[in-house]
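Data file: my_file-v5.cif. Format and content: mmCIF, C-alpha atoms.
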```cif
data_coords
#
loop_
_atom_site.label_atom_id
_atom_site.label_comp_id
_atom_site.auth_asym_id
_atom_site.auth_seq_id
_atom_site.Cartn_x
_atom_site.Cartn_y
_atom_site.Cartn_z
CA MET A 29 20.93 -15.14 16.16
CA SER A 30 18.98 -14.30 13.05
CA THR A 31 18.56 -16.77 10.22
CA ALA A 32 18.21 -16.21 6.48
CA PRO A 33 14.56 -15.87 5.43
CA ASN A 34 13.03 -18.83 3.61
CA PHE A 35 10.46 -17.26 1.35
CA ASP A 36 9.89 -20.61 -0.39
CA GLN A 37 8.43 -22.13 2.78
CA ILE A 38 4.69 -22.74 2.45
CA ILE A 39 2.95 -22.06 5.77
CA ASP A 40 -0.70 -23.04 6.20
CA ARG A 41 -2.41 -19.94 7.62
CA ARG A 42 -5.94 -21.35 7.43
CA GLY A 43 -7.72 -21.32 10.77
CA SER A 44 -5.34 -18.74 12.25
CA GLY A 45 -7.85 -15.91 12.15
CA CYS A 46 -6.15 -14.09 9.27
CA ALA A 47 -8.50 -12.24 6.94
CA LYS A 48 -6.56 -13.24 3.84
CA TRP A 49 -7.44 -16.92 4.20
CA ASP A 50 -10.23 -17.19 6.75
CA ALA A 51 -12.39 -14.42 5.26
CA MET A 52 -11.62 -15.36 1.66
CA GLU A 53 -14.79 -17.36 0.98
CA LYS A 54 -17.02 -14.64 2.39
CA PHE A 55 -15.21 -12.02 0.32
CA SER A 56 -14.95 -13.84 -3.01
CA GLY A 57 -16.78 -17.14 -2.85
CA VAL A 58 -13.47 -18.99 -3.16
CA ALA A 59 -13.14 -21.65 -0.45
CA ALA A 60 -9.85 -21.83 1.44
CA GLU A 61 -9.73 -25.64 1.12
CA ASP A 62 -8.73 -25.56 -2.54
CA GLY A 63 -8.53 -21.85 -3.30
CA MET A 64 -5.65 -19.40 -3.51
CA ALA A 65 -5.64 -16.10 -1.62
CA MET A 66 -4.29 -13.35 -3.86
CA TRP A 67 -6.45 -10.48 -2.71
CA VAL A 68 -5.80 -8.47 0.48
CA ALA A 69 -2.33 -6.86 0.67
CA ASP A 70 -0.84 -9.23 3.23
CA MET A 71 2.22 -11.37 2.50
CA ASP A 72 2.37 -15.13 3.04
CA PHE A 73 5.84 -14.73 4.53
CA ARG A 74 6.81 -14.69 8.19
CA SER A 75 7.95 -11.33 9.54
CA PRO A 76 11.73 -10.84 9.97
CA GLN A 77 13.54 -12.84 12.63
CA VAL A 78 14.53 -9.60 14.39
CA VAL A 79 10.82 -8.88 14.91
CA LEU A 80 10.02 -12.41 16.07
CA ASP A 81 12.92 -12.28 18.53
CA ARG A 82 11.62 -9.02 19.97
CA GLY A 83 8.19 -10.58 20.37
CA ARG A 84 9.59 -13.52 22.28
CA GLU A 85 11.52 -11.18 24.58
CA MET A 86 8.35 -9.24 25.33
CA VAL A 87 6.30 -12.34 26.06
CA GLU A 88 8.99 -13.81 28.27
CA HIS A 89 9.22 -10.53 30.19
CA GLY A 90 5.48 -10.78 30.75
CA PHE A 91 4.56 -7.12 31.22
CA PHE A 92 2.40 -5.16 28.80
CA GLY A 93 1.54 -2.03 30.75
CA TYR A 94 1.76 1.64 29.95
CA THR A 95 4.90 2.72 28.14
CA THR A 96 7.16 5.75 28.16
CA GLY A 97 6.01 6.71 24.67
CA ASP A 98 6.93 6.35 21.02
CA GLY A 99 10.34 8.03 21.06
CA GLY A 100 12.30 4.87 20.41
CA LEU A 101 10.19 4.12 17.35
CA PHE A 102 10.57 7.68 16.05
CA ASP A 103 14.36 7.48 16.37
CA ALA A 104 14.40 4.11 14.59
CA ALA A 105 12.12 5.43 11.85
CA ALA A 106 14.34 8.49 11.38
CA TRP A 107 17.37 6.21 10.96
CA TRP A 108 15.43 4.12 8.45
CA MET A 109 14.26 7.07 6.35
CA LYS A 110 17.81 8.41 6.14
CA ALA A 111 19.49 5.06 5.49
CA ARG A 112 16.93 3.71 3.02
CA HIS A 113 15.53 6.84 1.37
CA GLY A 114 18.03 9.65 1.89
CA TRP A 115 15.46 11.62 3.84
CA ALA A 116 16.53 13.29 7.11
CA ALA A 117 13.14 12.99 8.79
CA ASP A 118 12.98 14.61 12.22
CA PRO A 119 11.65 12.38 15.06
CA ALA A 120 10.01 15.49 16.53
CA HIS A 121 7.79 15.70 13.44
CA MET A 122 6.33 12.19 13.87
CA PHE A 123 3.09 10.76 15.26
CA THR A 124 1.77 7.22 15.57
CA THR A 125 -1.71 6.30 14.40
CA THR A 126 -3.77 3.13 14.32
CA GLY A 127 -2.57 2.34 10.83
CA ILE A 128 -2.51 4.39 7.63
CA VAL A 129 -6.25 4.37 6.87
CA ASN A 130 -6.77 5.74 10.38
CA ALA A 131 -4.16 8.39 9.56
CA VAL A 132 -6.10 9.40 6.43
CA ALA A 133 -9.30 9.64 8.47
CA LEU A 134 -7.55 11.77 11.10
CA CYS A 135 -6.22 14.11 8.42
CA LEU A 136 -9.67 14.56 6.91
CA ASP A 137 -11.08 15.24 10.35
CA THR A 138 -8.31 17.72 11.17
CA TYR A 139 -8.00 19.69 7.98
CA THR A 140 -11.38 19.53 6.18
CA GLN A 141 -15.11 19.99 6.65
CA PRO A 142 -18.10 17.89 5.53
CA GLY A 143 -18.77 18.48 1.85
CA ASP A 144 -15.16 19.36 0.98
CA GLY A 145 -13.74 17.77 -2.15
CA ILE A 146 -10.92 15.25 -1.76
CA VAL A 147 -8.95 14.56 -4.94
CA LEU A 148 -7.85 11.06 -5.92
CA PHE A 149 -5.88 10.02 -8.99
CA THR A 150 -7.87 6.93 -9.96
CA PRO A 151 -7.80 4.00 -10.07
CA VAL A 152 -6.28 3.97 -6.58
CA TYR A 153 -6.36 2.13 -3.23
CA HIS A 154 -10.03 1.49 -2.51
CA ALA A 155 -9.98 2.43 1.19
CA PHE A 156 -9.37 6.10 0.33
CA ALA A 157 -12.81 6.57 -1.24
CA LYS A 158 -14.53 4.63 1.53
CA THR A 159 -12.87 6.80 4.15
CA ILE A 160 -13.73 10.02 2.31
CA LEU A 161 -17.39 9.07 1.90
CA GLY A 162 -17.59 7.83 5.47
CA ALA A 163 -16.43 11.27 6.62
CA ASP A 164 -19.15 12.99 4.53
CA ARG A 165 -16.58 14.47 2.19
CA LYS A 166 -16.77 14.36 -1.62
CA VAL A 167 -14.62 12.08 -3.76
CA VAL A 168 -13.16 13.96 -6.74
CA GLU A 169 -11.82 11.45 -9.25
CA CYS A 170 -9.03 12.55 -11.56
CA VAL A 171 -8.79 9.58 -13.90
CA MET A 172 -5.28 8.65 -15.00
CA PRO A 173 -4.73 7.80 -18.68
CA ILE A 174 -2.56 4.86 -19.65
CA GLU A 175 0.44 5.75 -21.82
CA ASP A 176 2.97 3.18 -22.99
CA GLY A 177 1.32 0.60 -20.78
CA VAL A 178 1.54 2.55 -17.48
CA TYR A 179 -0.40 5.28 -15.71
CA ALA A 180 0.32 8.90 -16.58
CA LEU A 181 -0.72 12.27 -15.16
CA ASP A 182 -3.04 14.57 -17.14
CA PHE A 183 -2.85 17.96 -15.42
CA ASP A 184 -4.42 19.87 -18.32
CA ALA A 185 -7.63 17.86 -17.90
CA TRP A 186 -7.49 17.96 -14.12
CA ASP A 187 -6.87 21.71 -13.91
CA ALA A 188 -10.05 22.24 -15.92
CA GLN A 189 -11.92 19.82 -13.67
CA MET A 190 -11.25 21.64 -10.38
CA ASP A 191 -14.10 23.88 -9.17
CA GLY A 192 -12.61 25.31 -5.97
CA SER A 193 -14.39 23.00 -3.53
CA GLU A 194 -11.38 20.69 -3.36
CA LYS A 195 -9.27 20.92 -0.22
CA VAL A 196 -7.02 17.84 -0.21
CA LEU A 197 -5.16 15.64 -2.68
CA ILE A 198 -4.34 12.10 -1.51
CA LEU A 199 -1.40 10.70 -3.44
CA CYS A 200 -0.48 7.01 -3.46
CA SER A 201 3.32 6.83 -3.88
CA PRO A 202 4.34 4.23 -4.99
CA HIS A 203 1.01 3.66 -6.67
CA ASN A 204 -1.37 0.92 -5.60
CA PRO A 205 -2.65 -0.86 -7.68
CA GLY A 206 -0.49 0.09 -10.66
CA GLY A 207 2.93 -0.49 -9.09
CA ARG A 208 4.23 2.84 -10.47
CA ILE A 209 7.08 4.76 -8.88
CA TRP A 210 6.53 8.43 -9.65
CA SER A 211 9.59 10.18 -11.09
CA ARG A 212 11.03 13.36 -9.60
CA ALA A 213 9.53 15.36 -12.48
CA GLU A 214 6.12 13.81 -11.85
CA LEU A 215 6.33 14.51 -8.12
CA GLU A 216 7.28 18.13 -8.86
CA ALA A 217 4.28 18.40 -11.17
CA ILE A 218 2.00 16.92 -8.50
CA ALA A 219 3.33 19.43 -5.96
CA ALA A 220 2.72 22.27 -8.44
CA PHE A 221 -0.85 21.03 -9.02
CA ALA A 222 -1.48 21.04 -5.27
CA LYS A 223 -0.17 24.60 -5.03
CA ARG A 224 -2.23 25.86 -7.99
CA HIS A 225 -5.42 24.64 -6.37
CA ASP A 226 -4.38 25.30 -2.76
CA LEU A 227 -4.66 21.64 -1.78
CA LEU A 228 -3.24 19.96 1.27
CA LEU A 229 -1.13 17.08 -0.08
CA ILE A 230 -1.36 13.79 1.80
CA SER A 231 1.36 11.48 0.45
CA ASP A 232 0.65 7.86 1.34
CA GLU A 233 4.02 6.16 0.97
CA ILE A 234 3.19 2.89 2.73
CA HIS A 235 4.75 0.83 -0.11
CA HIS A 236 7.94 2.92 -0.24
CA ASP A 237 10.20 0.11 0.97
CA LEU A 238 8.88 -2.48 -1.49
CA ILE A 239 10.97 -1.17 -4.36
CA LEU A 240 12.07 -3.74 -6.91
CA PRO A 241 15.74 -4.02 -7.93
CA GLY A 242 16.95 -1.24 -10.18
CA GLN A 243 14.20 1.17 -9.11
CA LYS A 244 14.27 4.15 -6.71
CA HIS A 245 11.52 5.80 -4.68
CA ILE A 246 11.72 9.53 -3.98
CA PRO A 247 9.92 10.73 -0.83
CA MET A 248 7.66 13.70 -1.48
CA ASN A 249 9.47 15.50 1.37
CA LEU A 250 12.53 15.73 -0.88
CA ILE A 251 10.60 17.80 -3.44
CA GLU A 252 11.41 21.47 -3.01
CA GLY A 253 8.82 23.93 -1.77
CA VAL A 254 5.97 21.57 -0.85
CA THR A 255 6.44 20.84 2.85
CA ASP A 256 4.25 23.77 3.92
CA ARG A 257 1.24 21.81 2.61
CA LEU A 258 2.49 18.24 3.03
CA VAL A 259 1.53 15.36 5.34
CA THR A 260 3.45 12.12 4.74
CA LEU A 261 2.18 8.69 5.80
CA VAL A 262 4.47 5.68 6.20
CA ALA A 263 4.25 2.40 8.08
CA PRO A 264 6.08 -0.85 8.74
CA SER A 265 2.94 -2.84 7.97
CA LYS A 266 3.41 -3.71 4.29
CA THR A 267 7.21 -3.76 4.50
CA PHE A 268 7.47 -6.30 7.32
CA ASN A 269 4.02 -7.96 7.17
CA LEU A 270 2.81 -6.30 10.37
CA ALA A 271 -0.58 -4.99 9.20
CA GLY A 272 -2.47 -6.62 12.08
CA LEU A 273 -0.57 -4.47 14.57
CA HIS A 274 -2.22 -1.32 13.13
CA THR A 275 0.75 0.99 13.57
CA GLY A 276 1.23 3.89 11.17
CA LEU A 277 3.45 6.95 11.18
CA VAL A 278 2.42 10.48 10.23
CA ILE A 279 5.27 12.90 9.50
CA ILE A 280 4.55 16.63 9.25
CA GLU A 281 7.35 19.16 8.78
CA ASP A 282 5.23 22.33 8.81
CA ASP A 283 4.79 23.72 12.33
CA ALA A 284 1.22 24.94 11.88
CA LEU A 285 -0.03 21.76 10.22
CA ARG A 286 1.73 19.66 12.85
CA ALA A 287 0.17 21.63 15.71
CA GLN A 288 -3.30 21.20 14.21
CA PHE A 289 -2.83 17.45 13.85
CA ALA A 290 -1.42 17.11 17.37
CA ARG A 291 -4.43 18.87 18.89
CA ARG A 292 -6.94 16.72 17.04
CA LYS A 293 -5.10 13.47 17.73
CA GLU A 294 -4.95 14.34 21.44
CA ALA A 295 -8.64 15.26 21.51
CA LEU A 296 -9.59 11.92 19.98
CA ARG A 297 -7.23 10.04 22.34
CA VAL A 298 -5.53 8.11 19.55
CA SER A 299 -2.58 6.21 20.99
CA SER A 300 -0.21 3.45 19.97
CA ASN A 301 -0.03 -0.11 21.24
CA ILE A 302 3.06 -1.63 22.83
CA PHE A 303 3.45 -4.48 20.35
CA GLY A 304 3.13 -2.24 17.30
CA VAL A 305 5.73 0.18 18.63
CA GLU A 306 8.22 -2.46 19.75
CA PHE A 307 7.92 -4.61 16.64
CA ALA A 308 8.28 -1.60 14.34
CA THR A 309 11.29 -0.36 16.31
CA ALA A 310 12.96 -3.76 15.93
CA ALA A 311 12.16 -3.87 12.21
CA TYR A 312 13.61 -0.43 11.46
CA SER A 313 17.15 -1.71 11.92
CA PRO A 314 20.10 -3.06 9.91
CA ALA A 315 18.73 -6.60 10.35
CA GLY A 316 15.37 -5.45 9.05
CA ALA A 317 17.07 -3.77 6.10
CA ASP A 318 18.85 -7.01 5.16
CA TRP A 319 15.51 -8.83 5.26
CA VAL A 320 13.86 -6.24 3.01
CA ASP A 321 16.69 -6.54 0.48
CA ALA A 322 16.17 -10.31 0.35
CA LEU A 323 12.40 -9.83 0.15
CA THR A 324 12.47 -7.43 -2.79
CA ASP A 325 14.82 -9.70 -4.70
CA TYR A 326 12.40 -12.57 -4.14
CA LEU A 327 9.37 -10.50 -5.11
CA ASP A 328 11.11 -9.51 -8.32
CA GLY A 329 11.52 -13.19 -9.13
CA ASN A 330 7.82 -13.73 -8.46
CA ARG A 331 7.00 -10.78 -10.70
CA LYS A 332 8.97 -12.28 -13.57
CA VAL A 333 7.24 -15.67 -13.23
CA PHE A 334 3.79 -14.12 -12.94
CA ASP A 335 4.26 -11.62 -15.78
CA ALA A 336 5.62 -14.25 -18.14
CA GLY A 337 2.67 -16.56 -17.51
CA ILE A 338 -0.07 -13.91 -17.56
CA ASN A 339 1.28 -12.10 -20.61
CA ALA A 340 1.38 -15.40 -22.52
CA ILE A 341 -2.43 -15.59 -22.29
CA PRO A 342 -3.94 -13.74 -25.28
CA GLY A 343 -5.86 -10.64 -24.21
CA LEU A 344 -4.23 -10.41 -20.76
CA ARG A 345 -1.49 -7.95 -19.83
CA SER A 346 0.04 -7.22 -16.44
CA MET A 347 1.05 -3.60 -15.94
CA PRO A 348 4.85 -3.30 -15.53
CA MET A 349 5.50 -3.27 -11.78
CA GLN A 350 8.27 -1.14 -10.27
CA ALA A 351 7.18 -1.46 -6.63
CA THR A 352 4.74 -3.23 -4.28
CA TYR A 353 3.79 -6.91 -4.59
CA LEU A 354 0.46 -6.19 -6.29
CA SER A 355 0.10 -7.02 -9.96
CA TRP A 356 -2.53 -5.06 -11.88
CA VAL A 357 -3.78 -7.19 -14.76
CA ASP A 358 -5.67 -5.76 -17.74
CA PHE A 359 -8.33 -8.05 -19.26
CA ASN A 360 -9.94 -5.45 -21.51
CA ALA A 361 -8.55 -6.92 -24.73
CA THR A 362 -10.47 -10.16 -24.07
CA GLY A 363 -13.75 -8.37 -24.70
CA MET A 364 -15.22 -10.08 -21.64
CA THR A 365 -17.48 -8.39 -19.14
CA GLN A 366 -16.21 -7.72 -15.63
CA ASP A 367 -18.59 -10.38 -14.31
CA GLU A 368 -17.28 -13.02 -16.68
CA ILE A 369 -13.66 -12.20 -15.83
CA ALA A 370 -14.47 -12.43 -12.12
CA ARG A 371 -16.39 -15.69 -12.57
CA ARG A 372 -13.56 -17.42 -14.40
CA ILE A 373 -10.97 -16.34 -11.84
CA ALA A 374 -13.10 -17.34 -8.85
CA GLU A 375 -14.89 -20.44 -10.14
CA ASP A 376 -12.50 -21.90 -12.73
CA ALA A 377 -9.10 -20.82 -11.37
CA LYS A 378 -10.28 -20.78 -7.73
CA ILE A 379 -8.28 -17.64 -6.99
CA ALA A 380 -9.48 -14.76 -4.82
CA VAL A 381 -8.44 -11.37 -6.22
CA ASN A 382 -9.52 -7.73 -5.96
CA ASP A 383 -12.01 -6.47 -8.53
CA GLY A 384 -10.70 -3.55 -10.60
CA PRO A 385 -13.74 -1.24 -10.36
CA ALA A 386 -13.36 -1.19 -6.55
CA PHE A 387 -10.34 1.08 -7.15
CA GLY A 388 -12.47 3.75 -8.81
CA THR A 389 -13.00 4.99 -12.33
CA GLY A 390 -10.38 3.57 -14.65
CA GLY A 391 -10.36 0.18 -12.92
CA GLU A 392 -12.86 -1.38 -15.30
CA GLY A 393 -11.55 -4.54 -16.93
CA PHE A 394 -8.70 -4.94 -14.42
CA MET A 395 -8.03 -7.30 -11.52
CA ARG A 396 -5.40 -6.98 -8.75
CA PHE A 397 -3.32 -10.03 -7.82
CA ASN A 398 -1.14 -10.26 -4.68
CA ILE A 399 2.03 -12.18 -5.61
CA ALA A 400 3.68 -12.05 -2.15
CA MET A 401 3.68 -15.81 -1.68
CA PRO A 402 6.09 -18.72 -2.11
CA ARG A 403 7.12 -19.01 -5.75
CA ALA A 404 5.63 -22.47 -6.15
CA GLN A 405 2.24 -20.94 -5.40
CA VAL A 406 2.77 -18.19 -7.97
CA GLU A 407 3.53 -20.90 -10.52
CA THR A 408 0.33 -22.72 -9.50
CA ALA A 409 -1.67 -19.52 -9.90
CA VAL A 410 -0.27 -18.97 -13.40
CA ASP A 411 -1.18 -22.55 -14.33
CA ARG A 412 -4.72 -22.09 -13.04
CA MET A 413 -5.15 -18.82 -14.92
CA THR A 414 -3.82 -20.39 -18.13
CA LYS A 415 -6.40 -23.17 -17.87
CA ALA A 416 -9.25 -20.82 -16.89
CA PHE A 417 -8.67 -18.75 -20.04
CA ALA A 418 -7.54 -21.62 -22.28
CA ASP A 419 -10.15 -20.83 -24.92
CA LEU A 420 -8.27 -17.60 -25.70
CA GLN A 421 -5.21 -19.54 -26.85
#
```
In structure tokens, write the structure found in this file.
Amino acid sequence: MSTAPNFDQIIDRRGSGCAKWDAMEKFSGVAAEDGMAMWVADMDFRSPQVVLDRGREMVEHGFFGYTTGDGGLFDAAAWWMKARHGWAADPAHMFTTTGIVNAVALCLDTYTQPGDGIVLFTPVYHAFAKTILGADRKVVECVMPIEDGVYALDFDAWDAQMDGSEKVLILCSPHNPGGRIWSRAELEAIAAFAKRHDLLLISDEIHHDLILPGQKHIPMNLIEGVTDRLVTLVAPSKTFNLAGLHTGLVIIEDDALRAQFARRKEALRVSSNIFGVEFATAAYSPAGADWVDALTDYLDGNRKVFDAGINAIPGLRSMPMQATYLSWVDFNATGMTQDEIARRIAEDAKIAVNDGPAFGTGGEGFMRFNIAMPRAQVETAVDRMTKAFADLQ
């Protein structure tokens, strides 16, 4: 029998081998003994009871051999996409990968050649650029302007910027780190941009379930006339805190694109793991849906506490968040250098965060804070930040 989630419970994860806490000092210089981990996108909440129950069943059964395949997961994912997003995704169009970054790498390997340009709307998730450069492709940054406090799309500037070497556009939807949900009109404009420049559109929608109350995410697959150039990436990892299981889903409606991907995936022998498939299948269920509803309500409460505290500090402003659990904080009005901002957060507040410039051009003067933690810890973080920047009062 499942129990209601207790997101207020503080669980000591130190010493458990989790990157968020046990690699924090190496990453940021902030020691886990008295520091706060607000960097890597990993929640300090247990996964849903339905997932934990499935894990116990598997361990008690005691067999972890070869499986009959991913069909059960694909059926569960299709139910989830229809029930949660109004998208009738076909299980026959789905593949598993070793997480979403692996899916991006597979797409670049399948559809592009060394030297090809890969377009990013920056600032954006830092692993995209690393993956592009690691594959000997070229990062093409289309820098997003800020209008009315949130990121906007500047197609006039970007159309002029394209030189014909670009082959792929990677879209982050909802946007990480800005927390934006792109409107239908914006998604249509993005699709039109991809068509004008003959770009394959990879839509990374890994945060699509972490939608705050009153908001709505629109899958790119629901935009008319784009599926012939579209590859969609989703995963249970951020939604249910399963990132360590490295299980992603690639969904491709177009027959030719799907056949290309299938051949390359088979050639590279990329396969799923039994725990990732079974845990994800359990999560994509009515019980998992109830847990996500409770989670997003709780995250919205954390957002309100964090925004109120951060925005009360002169010179600091958190970008309005519609989705994700990642708050993007603008320090530019303080007049401080990036190094001084980072020093105060790490040394004075003893908080590990992600440095804005790591997300590409446009990230200067920003820091990303992960607020997926018990609310008492969010309140502690706000108090530490208030003291670290007390001279601005």
As an exercise, work out the distance from CA of Met401 in chain A to CA of Pro205 in chain A in Å and give it to one decimal place.
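Value for the CA of Met401 in chain A-CA of Pro205 in chain A distance: 17.3 Å.
Here the residues that fall within 12 Å of (-14.4, 20.6, -1.7), using all atoms listed in the file, are given as A:Leu136, A:Tyr139, A:Thr140, A:Gln141, A:Pro142, A:Gly143, A:Asp144, A:Gly145, A:Ile146, A:Val147, A:Ile160, A:Asp164, A:Arg165, A:Lys166, A:Val167, A:Val168, A:Met190, A:Asp191, A:Gly192, A:Ser193, A:Glu194, A:Lys195, A:Val196, A:Leu197, A:His225, A:Asp226, A:Leu227, A:Leu228.
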Report the distance between CA of Asp232 in chain A and CA of Gly393 in chain A in Å, rounded to one decimal place.
25.2 Å
What is the distance, in Å and to one decimal place, between CA of Ala287 in chain A and CA of Gly97 in chain A?
18.4 Å
Which residues come within 12 Å of Pro241 in chain A, counting only C-alpha atoms, excluding same-chain residues fewer than 3 positions away, as a list in words?
Asp237, Leu238, Lys244, His245, Val320, Asp321, Ala322, Leu323, Thr324, Asp325, Tyr326, Leu327, Asp328, Gly329, Arg331, Met349, Gln350, Ala351 and Thr352 of chain A
Saved selection, atoms kept: C-alpha atoms, as a compact mmCIF listing (two decimals), in the coordinates of the input:
```txt
# COMPACT_ATOMS: atom_id res chain seq x y z
CA ASP A 237 10.20 0.11 0.97
CA LEU A 238 8.88 -2.48 -1.49
CA LYS A 244 14.27 4.15 -6.71
CA HIS A 245 11.52 5.80 -4.68
CA VAL A 320 13.86 -6.24 3.01
CA ASP A 321 16.69 -6.54 0.48
CA ALA A 322 16.17 -10.31 0.35
CA LEU A 323 12.40 -9.83 0.15
CA THR A 324 12.47 -7.43 -2.79
CA ASP A 325 14.82 -9.70 -4.70
CA TYR A 326 12.40 -12.57 -4.14
CA LEU A 327 9.37 -10.50 -5.11
CA ASP A 328 11.11 -9.51 -8.32
CA GLY A 329 11.52 -13.19 -9.13
CA ARG A 331 7.00 -10.78 -10.70
CA MET A 349 5.50 -3.27 -11.78
CA GLN A 350 8.27 -1.14 -10.27
CA ALA A 351 7.18 -1.46 -6.63
CA THR A 352 4.74 -3.23 -4.28
```
Can you list, as JSON, numbers by chain, the residues that the PyMOL selection byres ((chain A and resi 208) around 10) selects here?
{"A": [178, 179, 180, 200, 201, 202, 203, 204, 205, 206, 207, 209, 210, 211, 239, 245, 347, 348, 349, 350, 351, 352]}
Here is a test: counting all atoms listed in the file, which residue of A:Ala133, A:Gln243, A:Gly253, A:Asp335 is nearest to Ala220 in chain A?
A:Gly253
Taking the file as I've supplied it (selection: the PyMOL selection byres ((chain A and resi 182) around 10)), which residues are included? Please answer as a list in words.
Phe149, Cys170, Val171, Met172, Pro173, Tyr179, Ala180, Leu181, Phe183, Asp184, Ala185, Trp186 and Asp187 of chain A
Residues as selected, C-alpha atoms, written as a short mmCIF file (atom, residue, chain, number, x, y, z; two decimals), in the coordinates of the input, can you do that?
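So again-v9.cif came out as:
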```cif
data_model
loop_
_atom_site.label_atom_id
_atom_site.label_comp_id
_atom_site.auth_asym_id
_atom_site.auth_seq_id
_atom_site.Cartn_x
_atom_site.Cartn_y
_atom_site.Cartn_z
CA PHE A 149 -5.88 10.02 -8.99
CA CYS A 170 -9.03 12.55 -11.56
CA VAL A 171 -8.79 9.58 -13.90
CA MET A 172 -5.28 8.65 -15.00
CA PRO A 173 -4.73 7.80 -18.68
CA TYR A 179 -0.40 5.28 -15.71
CA ALA A 180 0.32 8.90 -16.58
CA LEU A 181 -0.72 12.27 -15.16
CA PHE A 183 -2.85 17.96 -15.42
CA ASP A 184 -4.42 19.87 -18.32
CA ALA A 185 -7.63 17.86 -17.90
CA TRP A 186 -7.49 17.96 -14.12
CA ASP A 187 -6.87 21.71 -13.91
#
```
Once you count all atoms listed in the file, what closest atom pair and distance in Å to one decimal does each residue of range 259-288 of chain A within 12 Å of range 302-312 of chain A have, with rows by chain and rising residue number, as CSV?
```
residue,atom,partner,partner_atom,distance
A:Val262,CA,A:Ala308,CA,11.6
A:Ala263,CA,A:Ala308,CA,8.5
A:Pro264,CA,A:Ala308,CA,6.1
A:Ser265,CA,A:Ala308,CA,8.4
A:Lys266,CA,A:Ala308,CA,11.4
A:Thr267,CA,A:Ala311,CA,9.2
A:Phe268,CA,A:Ala311,CA,7.2
A:Asn269,CA,A:Ala311,CA,10.4
A:Leu270,CA,A:Gly304,CA,8.0
A:Ala271,CA,A:Gly304,CA,9.3
A:Gly272,CA,A:Gly304,CA,8.8
A:Leu273,CA,A:Gly304,CA,5.1
A:His274,CA,A:Gly304,CA,6.8
A:Thr275,CA,A:Gly304,CA,5.5
A:Gly276,CA,A:Gly304,CA,8.9
A:Leu277,CA,A:Ala308,CA,10.3
```
Counting only C-alpha atoms, what are the residues of range 319-419 of chain A within 10 Å of range 58-78 of chain A, and for each of them which pair of atoms is the nearest and at what distance in Å, to one decimal? Sort the table by chain and rising number, as CSV.
```
residue,atom,partner,partner_atom,distance
A:Trp319,CA,A:Pro76,CA,6.4
A:Val320,CA,A:Pro76,CA,8.6
A:Leu323,CA,A:Phe73,CA,9.3
A:Thr352,CA,A:Ala69,CA,9.4
A:Tyr353,CA,A:Ala69,CA,8.1
A:Leu354,CA,A:Ala69,CA,7.5
A:Ser355,CA,A:Met66,CA,9.8
A:Ile373,CA,A:Val58,CA,9.4
A:Ala374,CA,A:Val58,CA,5.9
A:Glu375,CA,A:Val58,CA,7.3
A:Ala377,CA,A:Gly63,CA,8.2
A:Lys378,CA,A:Gly63,CA,4.9
A:Ile379,CA,A:Met64,CA,4.7
A:Ala380,CA,A:Ala65,CA,5.2
A:Val381,CA,A:Trp67,CA,4.1
A:Asn382,CA,A:Trp67,CA,5.2
A:Asp383,CA,A:Trp67,CA,9.0
A:Met395,CA,A:Trp67,CA,9.5
A:Arg396,CA,A:Trp67,CA,7.1
A:Phe397,CA,A:Met66,CA,5.3
A:Asn398,CA,A:Met66,CA,4.5
A:Ile399,CA,A:Met66,CA,6.7
A:Ala400,CA,A:Met71,CA,4.9
A:Met401,CA,A:Asp72,CA,4.9
A:Pro402,CA,A:Asp72,CA,7.3
A:Gln405,CA,A:Met64,CA,8.3
A:Val406,CA,A:Met66,CA,9.5
A:Thr408,CA,A:Met64,CA,9.1
A:Ala409,CA,A:Met64,CA,7.5
A:Arg412,CA,A:Met64,CA,9.9
```
Go through A:Pro247, A:Ala315, A:Ile279, A:Tyr153 and flag the residue nearest Phe102 in chain A, using only C-alpha atoms for the distances.
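Nearest to Phe102 in chain A: A:Ile279.
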Nearby residues (only C-alpha atoms) at most 12 Å from Met122 in chain A, same-chain spacing under 5 positions excluded, as a ChimeraX atom specification:
/A:98-106,117,131,259-263,276-283,286-287,289-290
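Between Asn301 in chain A and the residues A:Thr31, A:Thr124, A:Ser231, A:Gln366, the shortest atom-to-atom distance, using all atoms listed in the file, involves A:Thr124.
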What's the 12 Å shell around Ala284 in chain A, counting only C-alpha atoms, without same-chain residues fewer than 6 positions away, as a VMD selection string?
chain A and resid 121 138 to 139 255 to 259 290 to 291
When you look at Ser299 in chain A with a cut-off of 9 Å (counting all atoms listed in the file), what residues show up, excluding the ones that are within fewer than 3 positions of it in the same chain? I need them as a ChimeraX atom specification.
/A:124-126,293-294
Do you know which residues lie at most 9 Å from (1.2, -4.1, -20.4), with coordinates as in the file and only C-alpha atoms counted, and could you write them as a PDB file with C-alpha atoms, keeping the file's coordinate frame?
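Contents of part_37.pdb, freshly written:
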```
ATOM      1  CA  ASP A 176       2.970   3.180 -22.990  1.00  0.00           C
ATOM      2  CA  GLY A 177       1.320   0.600 -20.780  1.00  0.00           C
ATOM      3  CA  VAL A 178       1.540   2.550 -17.480  1.00  0.00           C
ATOM      4  CA  ASN A 339       1.280 -12.100 -20.610  1.00  0.00           C
ATOM      5  CA  LEU A 344      -4.230 -10.410 -20.760  1.00  0.00           C
ATOM      6  CA  ARG A 345      -1.490  -7.950 -19.830  1.00  0.00           C
ATOM      7  CA  SER A 346       0.040  -7.220 -16.440  1.00  0.00           C
ATOM      8  CA  MET A 347       1.050  -3.600 -15.940  1.00  0.00           C
ATOM      9  CA  PRO A 348       4.850  -3.300 -15.530  1.00  0.00           C
ATOM     10  CA  VAL A 357      -3.780  -7.190 -14.760  1.00  0.00           C
ATOM     11  CA  ASP A 358      -5.670  -5.760 -17.740  1.00  0.00           C
TER      12      ASP A 358
END
```
